[in-house]
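Okay, structure first, notes after.
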Amino acid sequence: MTKLADHLTIGQVSDRSGVPHTALRFYEDKGLIGSERTAGNQRRYARSVLRRIAFIRAAQRVGLTLEDISAALSTLPTDHAPTKADWARLSKGWQDELDARIDALQRLRDRLTGCIGCGCLSLRSCGLYNSDDQMSRFGSGAVKLRPAVEGGI
């Protein structure tokens, strides 16, 4: 059996992780992963970076932002792969946010069913299409670009 190399090229990391070279460079620029440079200025990644990449991808799949992921990874040592216990601890902290997102998606799904029946898709009154329109009470269009009027904005 062949021993795995302690350090991997960017191509090897890309092949093993399924993450394109460009994304690996992006993750590195964002400080999510790190590499060492050879004398010829080529990247070399510790094998443990594969686990960090799996961690990043799993967190992205559940809808976390790169900022959330970066904050989580900053609590972990950079010299070894995140463990199952690390993931359990961090994911527990994300449960409230994920529960809120699930609730919002369920409410959206329920509204969508009613909206399909209605068929209006009105830009003025559709609660689904334009649910957060705070400016509608001032009229339609780009009301902030209009000259100020008495009693208005």
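Quick note on naming: the chains in the structure tokens go A, B, ... in the order shown, residues restart at 1 in each chain, and ligands are numbered from 1 in order of appearance.
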
Please extract the residues of stretch 17-122 of chain A with a backbone DSSP assignment of alpha helix (DSSP H) and present them as a VMD selection string. chain A and resid 17 21 to 29 49 to 61 66 to 73 84 to 118

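For A:Ile56, the residues within 10 Å (counting only C-alpha atoms, excluding itself and residues fewer than 6 positions away along the chain) are A:Tyr27, A:Leu32, A:Ile33, A:Leu50, A:Leu64, A:Thr65, A:Leu66, A:Ile69, A:Ser70, A:Ala72, A:Leu73.
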
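Residue nearest A:Lys84, chosen from A:Ala54, A:Leu105, A:Leu98, A:Val49 and counting only C-alpha atoms: A:Ala54.
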
May I have all residues of stretch 25-123 of chain A that DSSP, computed from the backbone, assigns to strand (DSSP E), given as a PyMOL selection string? chain A and resi 36-37+43-46

Contacts of A:Ala5 at 12 Å or less, counting only C-alpha atoms, minus same-chain residues fewer than 6 places along, as a PyMOL selection string? chain A and resi 12-13+44-48

Can you work out which one of A:Arg111, A:Thr9, A:Ser91, A:Glu97 has the shortest atom-to-atom distance to A:Arg37, counting only C-alpha atoms?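 With only C-alpha atoms as the atom set, the closest residue is A:Thr9.
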
Which is closer to A:Asp86 than all the others in A:Arg43, A:Arg51, A:Arg101, A:Lys30, using only C-alpha atoms?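 The shortest atom-to-atom distance to A:Asp86 comes from A:Arg51.
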
For a test of reading the model, state the distance in Å between atom CA of A:Asp79 and atom CA of A:Arg61, rounded to one decimal.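 So the answer is 24.5 Å.
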
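Reported to one decimal place, the separation of atom CA of A:Thr38 from atom CA of A:Ser14 is 18.1 Å.
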
Between atom CA of A:Ala85 and atom CA of A:Phe55, what is the distance, to one decimal in Å? 12.3 Å

Have a look at A:Arg107, A:Arg52, A:His7, A:Arg16 and name the one nearest to A:Thr78; count only C-alpha atoms.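 Closest to A:Thr78, using only C-alpha atoms: A:Arg52.
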